[in-house]
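All remarks here apply to the structure that follows.
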Amino acid sequence: MSIINNINKAFDHRIRLGIMSILMVNDYADFNMLKELLGATDGNLASHTKALEKVAYIKIEKQFIGKKPNTRYAVTPLGKAEFRKHIDALEKLIQKH
Amino acid sequence: MDSKDYLKDISEIKDMMTKSSRFISLSGFSGILAGIYALIGAYIAYYLVTHYSHGVLLLNGWVFKFCLLTLALVALFSIITGIILTTKKAKQQNAKIWDATSRRLVFNFLIPLVVGGIYILIILSQGKYGQSGGLMLIFYGLALVNASKYSIGDIQYLGGIQIILGLIGAWHPGYGFWLWVLGFGIMHIIYGTWMYFKYDRK
């Protein structure tokens with residue numbers, strides 16, 4: 001039971017899993033970088049980043065590069081901890097079978 | 001979800017972590033060619049110095065200038081070959097040649113290399129050329145170690161070898177030329193071959 005509890009529903013989607021994976025190894029990533037790497041549409045990616053932001057696993061930073069607005073994402077300490085737990089749970093489930 | 005899906009999740013996580021942080025399309029074959037260019041360049045320099053300069057290198061002579069030109073051409077051809085073959089490999093892997101990962105790789109590679117290059121030019125202008133072979137190896141090695149964090153991790157070992165050769169060259173400046181041949185020529189060929197069989201032929 002305890003292993004199943006650690007499987008986090010917030011990560012139960014390919015795009016969200018991808019967003020978290022990218023942000024775990026990069027200090028930050030902007031919208032276009034995520035879009036290219038994940039092969040997602042604007043709307044699709046936006047809804048998943050919003051969902052992850054809502055549970056405070058990632059934070060959104062809006063800034064200007066010159067005159068162009070730029071949105072970049074970074075993982076929060078909470079998101080990092082939760083994602084590690086999620087990976088551990090996945091690995092344990094694989095070993096069990 | 002059964003274990004197969006969990007396995008797929010894990011492999012996708014790993015794949016995305018690598019893809020987003022490292023540029024892995026470096027061509028091993030371009031390393032082999034860079035080594036061959038270095039050997040040709042070294043042969044030309046050696047021939048000139050032994051035949052036209054009585055085995056000693058004079059800083060104001062034409063032989064020295066020609067050696068510098070040869071060195072610049074070796075570097076130039078290596079860079080061009082590297083860019084062409086890496087672009088080709090990136091296309092095969094459906095990777096972008098100029099994205100966040102390759103930009104970061106080039107930037108981190110260039111910091112030690114440019115600093116080293118300027119430093120060597122300064123001491124050459126002061127007439128101290130005895131250390132230049134070793135210094136080239138040391139700074140190139142540092143550049144490789146620094147860049148390895150953003151590319152195939154294996155290049156840090158090549159970097160380590162170059163640094164060691166460079167330090168030996170600093171200790172025994174008389175062997176500087178031969179250590180340079182070993183580092184830039186032979187090690188590139190060995191390493192390029194290894195990388196070619198490990199990564200390219202898949």
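A note on labels: chains of the structure tokens are A, B, ... as shown, every chain counts residues from 1, and ligands are counted from 1 in their shown order.
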
Enumerate, as a ChimeraX atom specification, the complete set of residues in chain B that a backbone-based DSSP assignment places in helix (DSSP H, G or I). /B:3-21,28-52,62-92,100-125,132-148,155-171,173-200

Original post:
What lies within 12 Å of segment 148-164 of chain B using only C-alpha atoms, ignoring chain neighbours under 4 positions off, as JSON, numbers by chain?
Top reply: {"A": [25, 26], "B": [17, 18, 19, 20, 21, 22, 23, 24, 25, 26, 27, 28, 31, 100, 101, 102, 103, 104, 105, 106, 107, 108, 109, 112, 133, 134, 135, 136, 137, 138, 139, 140, 141, 142, 143, 144, 168, 169, 170, 171, 179, 180, 181, 182, 183, 184, 185, 186, 187, 188, 189, 190, 191, 192, 194, 195, 198, 199]}

*Exercise answer, chain A residues close to chain B, 10 Å and only C-alpha atoms, as a PyMOL selection string*: chain A and resi 12-14+17-27+29+33-34+36-38+87-97

Save the residues we just selected, N, CA and C atoms, as a PDB file, in the first residue's frame?
ATOM      1  N   ASP A  12       0.889  11.742 -13.411  1.00  0.00           N
ATOM      2  CA  ASP A  12       0.379  10.612 -14.182  1.00  0.00           C
ATOM      3  C   ASP A  12      -0.002  11.018 -15.610  1.00  0.00           C
ATOM      4  N   HIS A  13       0.953  11.614 -16.299  1.00  0.00           N
ATOM      5  CA  HIS A  13       0.722  11.976 -17.692  1.00  0.00           C
ATOM      6  C   HIS A  13       2.081  12.183 -18.354  1.00  0.00           C
ATOM      7  N   ARG A  14       2.196  11.771 -19.603  1.00  0.00           N
ATOM      8  CA  ARG A  14       3.479  11.830 -20.291  1.00  0.00           C
ATOM      9  C   ARG A  14       4.079  13.244 -20.302  1.00  0.00           C
ATOM     10  N   LEU A  17       5.199  14.332 -16.781  1.00  0.00           N
ATOM     11  CA  LEU A  17       6.412  13.582 -16.468  1.00  0.00           C
ATOM     12  C   LEU A  17       7.611  14.217 -17.181  1.00  0.00           C
ATOM     13  N   GLY A  18       7.386  14.590 -18.435  1.00  0.00           N
ATOM     14  CA  GLY A  18       8.442  15.218 -19.238  1.00  0.00           C
ATOM     15  C   GLY A  18       8.846  16.569 -18.676  1.00  0.00           C
ATOM     16  N   ILE A  19       7.860  17.402 -18.328  1.00  0.00           N
ATOM     17  CA  ILE A  19       8.155  18.732 -17.775  1.00  0.00           C
ATOM     18  C   ILE A  19       9.020  18.592 -16.527  1.00  0.00           C
ATOM     19  N   MET A  20       8.611  17.680 -15.637  1.00  0.00           N
ATOM     20  CA  MET A  20       9.353  17.500 -14.392  1.00  0.00           C
ATOM     21  C   MET A  20      10.769  16.978 -14.661  1.00  0.00           C
ATOM     22  N   SER A  21      10.892  16.009 -15.588  1.00  0.00           N
ATOM     23  CA  SER A  21      12.217  15.444 -15.904  1.00  0.00           C
ATOM     24  C   SER A  21      13.167  16.534 -16.387  1.00  0.00           C
ATOM     25  N   ILE A  22      12.660  17.395 -17.272  1.00  0.00           N
ATOM     26  CA  ILE A  22      13.495  18.462 -17.832  1.00  0.00           C
ATOM     27  C   ILE A  22      13.910  19.444 -16.736  1.00  0.00           C
ATOM     28  N   LEU A  23      12.945  19.803 -15.876  1.00  0.00           N
ATOM     29  CA  LEU A  23      13.249  20.811 -14.856  1.00  0.00           C
ATOM     30  C   LEU A  23      14.120  20.253 -13.726  1.00  0.00           C
ATOM     31  N   MET A  24      14.144  18.929 -13.572  1.00  0.00           N
ATOM     32  CA  MET A  24      15.006  18.339 -12.544  1.00  0.00           C
ATOM     33  C   MET A  24      16.485  18.528 -12.880  1.00  0.00           C
ATOM     34  N   VAL A  25      16.821  18.518 -14.178  1.00  0.00           N
ATOM     35  CA  VAL A  25      18.234  18.578 -14.565  1.00  0.00           C
ATOM     36  C   VAL A  25      18.635  19.936 -15.145  1.00  0.00           C
ATOM     37  N   ASN A  26      17.667  20.851 -15.294  1.00  0.00           N
ATOM     38  CA  ASN A  26      17.984  22.194 -15.775  1.00  0.00           C
ATOM     39  C   ASN A  26      17.501  23.210 -14.733  1.00  0.00           C
ATOM     40  N   ASP A  27      18.296  24.263 -14.533  1.00  0.00           N
ATOM     41  CA  ASP A  27      17.896  25.278 -13.558  1.00  0.00           C
ATOM     42  C   ASP A  27      16.538  25.865 -13.920  1.00  0.00           C
ATOM     43  N   ALA A  29      13.694  26.255 -17.662  1.00  0.00           N
ATOM     44  CA  ALA A  29      13.461  26.016 -19.087  1.00  0.00           C
ATOM     45  C   ALA A  29      12.357  26.959 -19.516  1.00  0.00           C
ATOM     46  N   MET A  33      11.390  25.824 -25.179  1.00  0.00           N
ATOM     47  CA  MET A  33      12.269  24.673 -24.977  1.00  0.00           C
ATOM     48  C   MET A  33      11.437  23.452 -24.571  1.00  0.00           C
ATOM     49  N   LEU A  34      10.503  23.649 -23.666  1.00  0.00           N
ATOM     50  CA  LEU A  34       9.635  22.546 -23.245  1.00  0.00           C
ATOM     51  C   LEU A  34       8.811  22.041 -24.418  1.00  0.00           C
ATOM     52  N   GLU A  36       9.426  22.225 -27.653  1.00  0.00           N
ATOM     53  CA  GLU A  36      10.229  21.470 -28.624  1.00  0.00           C
ATOM     54  C   GLU A  36      10.580  20.082 -28.130  1.00  0.00           C
ATOM     55  N   LEU A  37      11.026  20.019 -26.874  1.00  0.00           N
ATOM     56  CA  LEU A  37      11.470  18.724 -26.345  1.00  0.00           C
ATOM     57  C   LEU A  37      10.311  17.741 -26.201  1.00  0.00           C
ATOM     58  N   LEU A  38       9.155  18.248 -25.830  1.00  0.00           N
ATOM     59  CA  LEU A  38       8.041  17.344 -25.546  1.00  0.00           C
ATOM     60  C   LEU A  38       7.127  17.137 -26.744  1.00  0.00           C
ATOM     61  N   ILE A  87       9.627   8.711  -8.577  1.00  0.00           N
ATOM     62  CA  ILE A  87      10.577   7.841  -9.301  1.00  0.00           C
ATOM     63  C   ILE A  87      10.909   6.607  -8.465  1.00  0.00           C
ATOM     64  N   ASP A  88      11.172   6.838  -7.158  1.00  0.00           N
ATOM     65  CA  ASP A  88      11.465   5.697  -6.268  1.00  0.00           C
ATOM     66  C   ASP A  88      10.328   4.686  -6.285  1.00  0.00           C
ATOM     67  N   ALA A  89       9.104   5.203  -6.207  1.00  0.00           N
ATOM     68  CA  ALA A  89       7.929   4.308  -6.201  1.00  0.00           C
ATOM     69  C   ALA A  89       7.849   3.532  -7.497  1.00  0.00           C
ATOM     70  N   LEU A  90       8.102   4.214  -8.622  1.00  0.00           N
ATOM     71  CA  LEU A  90       8.077   3.514  -9.932  1.00  0.00           C
ATOM     72  C   LEU A  90       9.105   2.399  -9.953  1.00  0.00           C
ATOM     73  N   GLU A  91      10.320   2.737  -9.477  1.00  0.00           N
ATOM     74  CA  GLU A  91      11.397   1.735  -9.522  1.00  0.00           C
ATOM     75  C   GLU A  91      11.068   0.533  -8.635  1.00  0.00           C
ATOM     76  N   LYS A  92      10.483   0.793  -7.473  1.00  0.00           N
ATOM     77  CA  LYS A  92      10.112  -0.318  -6.585  1.00  0.00           C
ATOM     78  C   LYS A  92       9.050  -1.185  -7.211  1.00  0.00           C
ATOM     79  N   LEU A  93       8.110  -0.540  -7.872  1.00  0.00           N
ATOM     80  CA  LEU A  93       7.032  -1.321  -8.525  1.00  0.00           C
ATOM     81  C   LEU A  93       7.587  -2.220  -9.629  1.00  0.00           C
ATOM     82  N   ILE A  94       8.594  -1.707 -10.334  1.00  0.00           N
ATOM     83  CA  ILE A  94       9.192  -2.524 -11.408  1.00  0.00           C
ATOM     84  C   ILE A  94       9.900  -3.733 -10.814  1.00  0.00           C
ATOM     85  N   GLN A  95      10.661  -3.493  -9.723  1.00  0.00           N
ATOM     86  CA  GLN A  95      11.401  -4.590  -9.099  1.00  0.00           C
ATOM     87  C   GLN A  95      10.467  -5.677  -8.564  1.00  0.00           C
ATOM     88  N   LYS A  96       9.313  -5.255  -8.090  1.00  0.00           N
ATOM     89  CA  LYS A  96       8.366  -6.192  -7.491  1.00  0.00           C
ATOM     90  C   LYS A  96       7.830  -7.209  -8.497  1.00  0.00           C
ATOM     91  N   HIS A  97       7.681  -6.754  -9.745  1.00  0.00           N
ATOM     92  CA  HIS A  97       7.038  -7.634 -10.722  1.00  0.00           C
ATOM     93  C   HIS A  97       7.991  -8.638 -11.334  1.00  0.00           C
TER      94      HIS A  97
END

Practice problem: Find the spatial neighbours of segment 68-74 of chain A, counting only C-alpha atoms, within a cut-off of 7 Å - ignore same-chain residues fewer than 6 positions away - and output them as a list of chain:residue names. | Solution: A:Leu23, A:Asp27, A:Tyr28, A:Ala29, A:Asp30, A:Phe31, A:Ile58, A:Lys59, A:Ile60, A:Glu61, A:Lys62

Using the selection just defined, write its residues with C-alpha atoms as a PDB file, in the first residue's frame.
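Result went into again.pdb, see below:
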ATOM      1  CA  LEU A  23      13.249  20.811 -14.856  1.00  0.00           C
ATOM      2  CA  ASP A  27      17.896  25.278 -13.558  1.00  0.00           C
ATOM      3  CA  TYR A  28      15.037  26.541 -15.691  1.00  0.00           C
ATOM      4  CA  ALA A  29      13.461  26.016 -19.087  1.00  0.00           C
ATOM      5  CA  ASP A  30      11.385  28.404 -21.146  1.00  0.00           C
ATOM      6  CA  PHE A  31       8.096  27.607 -22.820  1.00  0.00           C
ATOM      7  CA  ILE A  58       6.901  24.229 -10.414  1.00  0.00           C
ATOM      8  CA  LYS A  59       7.019  27.999 -10.452  1.00  0.00           C
ATOM      9  CA  ILE A  60       6.514  30.297 -13.368  1.00  0.00           C
ATOM     10  CA  GLU A  61       8.738  33.327 -13.844  1.00  0.00           C
ATOM     11  CA  LYS A  62       7.702  35.968 -16.289  1.00  0.00           C
TER      12      LYS A  62
END

Exercise. Suppose you want the space between atom CA of Gly41 of chain B and atom CA of Phe197 of chain B; what is it in Å?
Worked result: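 Those two atoms sit 26.0 Å apart.
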
**Message:** Give me the residues near Ile40 of chain B as a list of chain:residue names, where near means some atom within 10 Å (using only C-alpha atoms) and where sequence neighbours in that chain fewer than 3 positions away do not count.
**Reply:** B:Ala34, B:Gly35, B:Ile36, B:Tyr37, B:Tyr43, B:Ile44, B:Ala45, B:Tyr46, B:Thr70, B:Val74, B:Val181, B:Gly185

Atom CA of Thr86 of chain B sits from atom CA of Asp200 of chain B at a separation of 10.5 Å

| message | So that I can see what lies close to Ser30 of chain B, please list as a ChimeraX atom specification the residues with an atom at most 9 Å from it, counting only C-alpha atoms and leaving out residues fewer than 6 positions away in the same chain. | response | /B:78-79,81-86,192

Could those selected residues go to a file with N, CA and C atoms, as a compact mmCIF listing (two decimals), in the first residue's frame?
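Result file again-v2.txt:
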# COMPACT_ATOMS: atom_id res chain seq x y z
N SER B 78 39.89 21.29 -38.26
CA SER B 78 39.26 20.43 -37.25
C SER B 78 37.89 20.96 -36.87
N ILE B 79 37.80 22.29 -36.69
CA ILE B 79 36.52 22.88 -36.28
C ILE B 79 35.49 22.71 -37.40
N THR B 81 35.42 20.46 -39.86
CA THR B 81 35.05 19.05 -39.95
C THR B 81 34.09 18.68 -38.82
N GLY B 82 34.42 19.12 -37.61
CA GLY B 82 33.58 18.83 -36.45
C GLY B 82 32.17 19.35 -36.64
N ILE B 83 32.04 20.59 -37.12
CA ILE B 83 30.71 21.18 -37.30
C ILE B 83 29.93 20.41 -38.37
N ILE B 84 30.58 20.12 -39.51
CA ILE B 84 29.88 19.44 -40.61
C ILE B 84 29.39 18.06 -40.17
N LEU B 85 30.30 17.25 -39.59
CA LEU B 85 29.92 15.88 -39.23
C LEU B 85 28.94 15.83 -38.08
N THR B 86 29.06 16.77 -37.14
CA THR B 86 28.12 16.80 -36.02
C THR B 86 26.73 17.23 -36.49
N GLY B 192 38.56 9.07 -30.96
CA GLY B 192 37.55 9.17 -32.01
C GLY B 192 37.09 7.79 -32.46

- Query: Distance atom CA of Phe83 of chain A-atom CA of Asn94 of chain B, one decimal place?
  - Reply: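 Here the two named atoms are 28.3 Å from each other.
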
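By only C-alpha atoms, and with residues fewer than 2 positions from Asn44 of chain A along its chain excluded, the set lying at most 12 Å from it is His13, Arg14, Ile15, Arg16, Phe31, Leu34, Lys35, Leu38, Gly39, Ala40, Thr41, Asp42, Ala46, Ser47, His48, Thr49, Lys50 and Ala51 of chain A.
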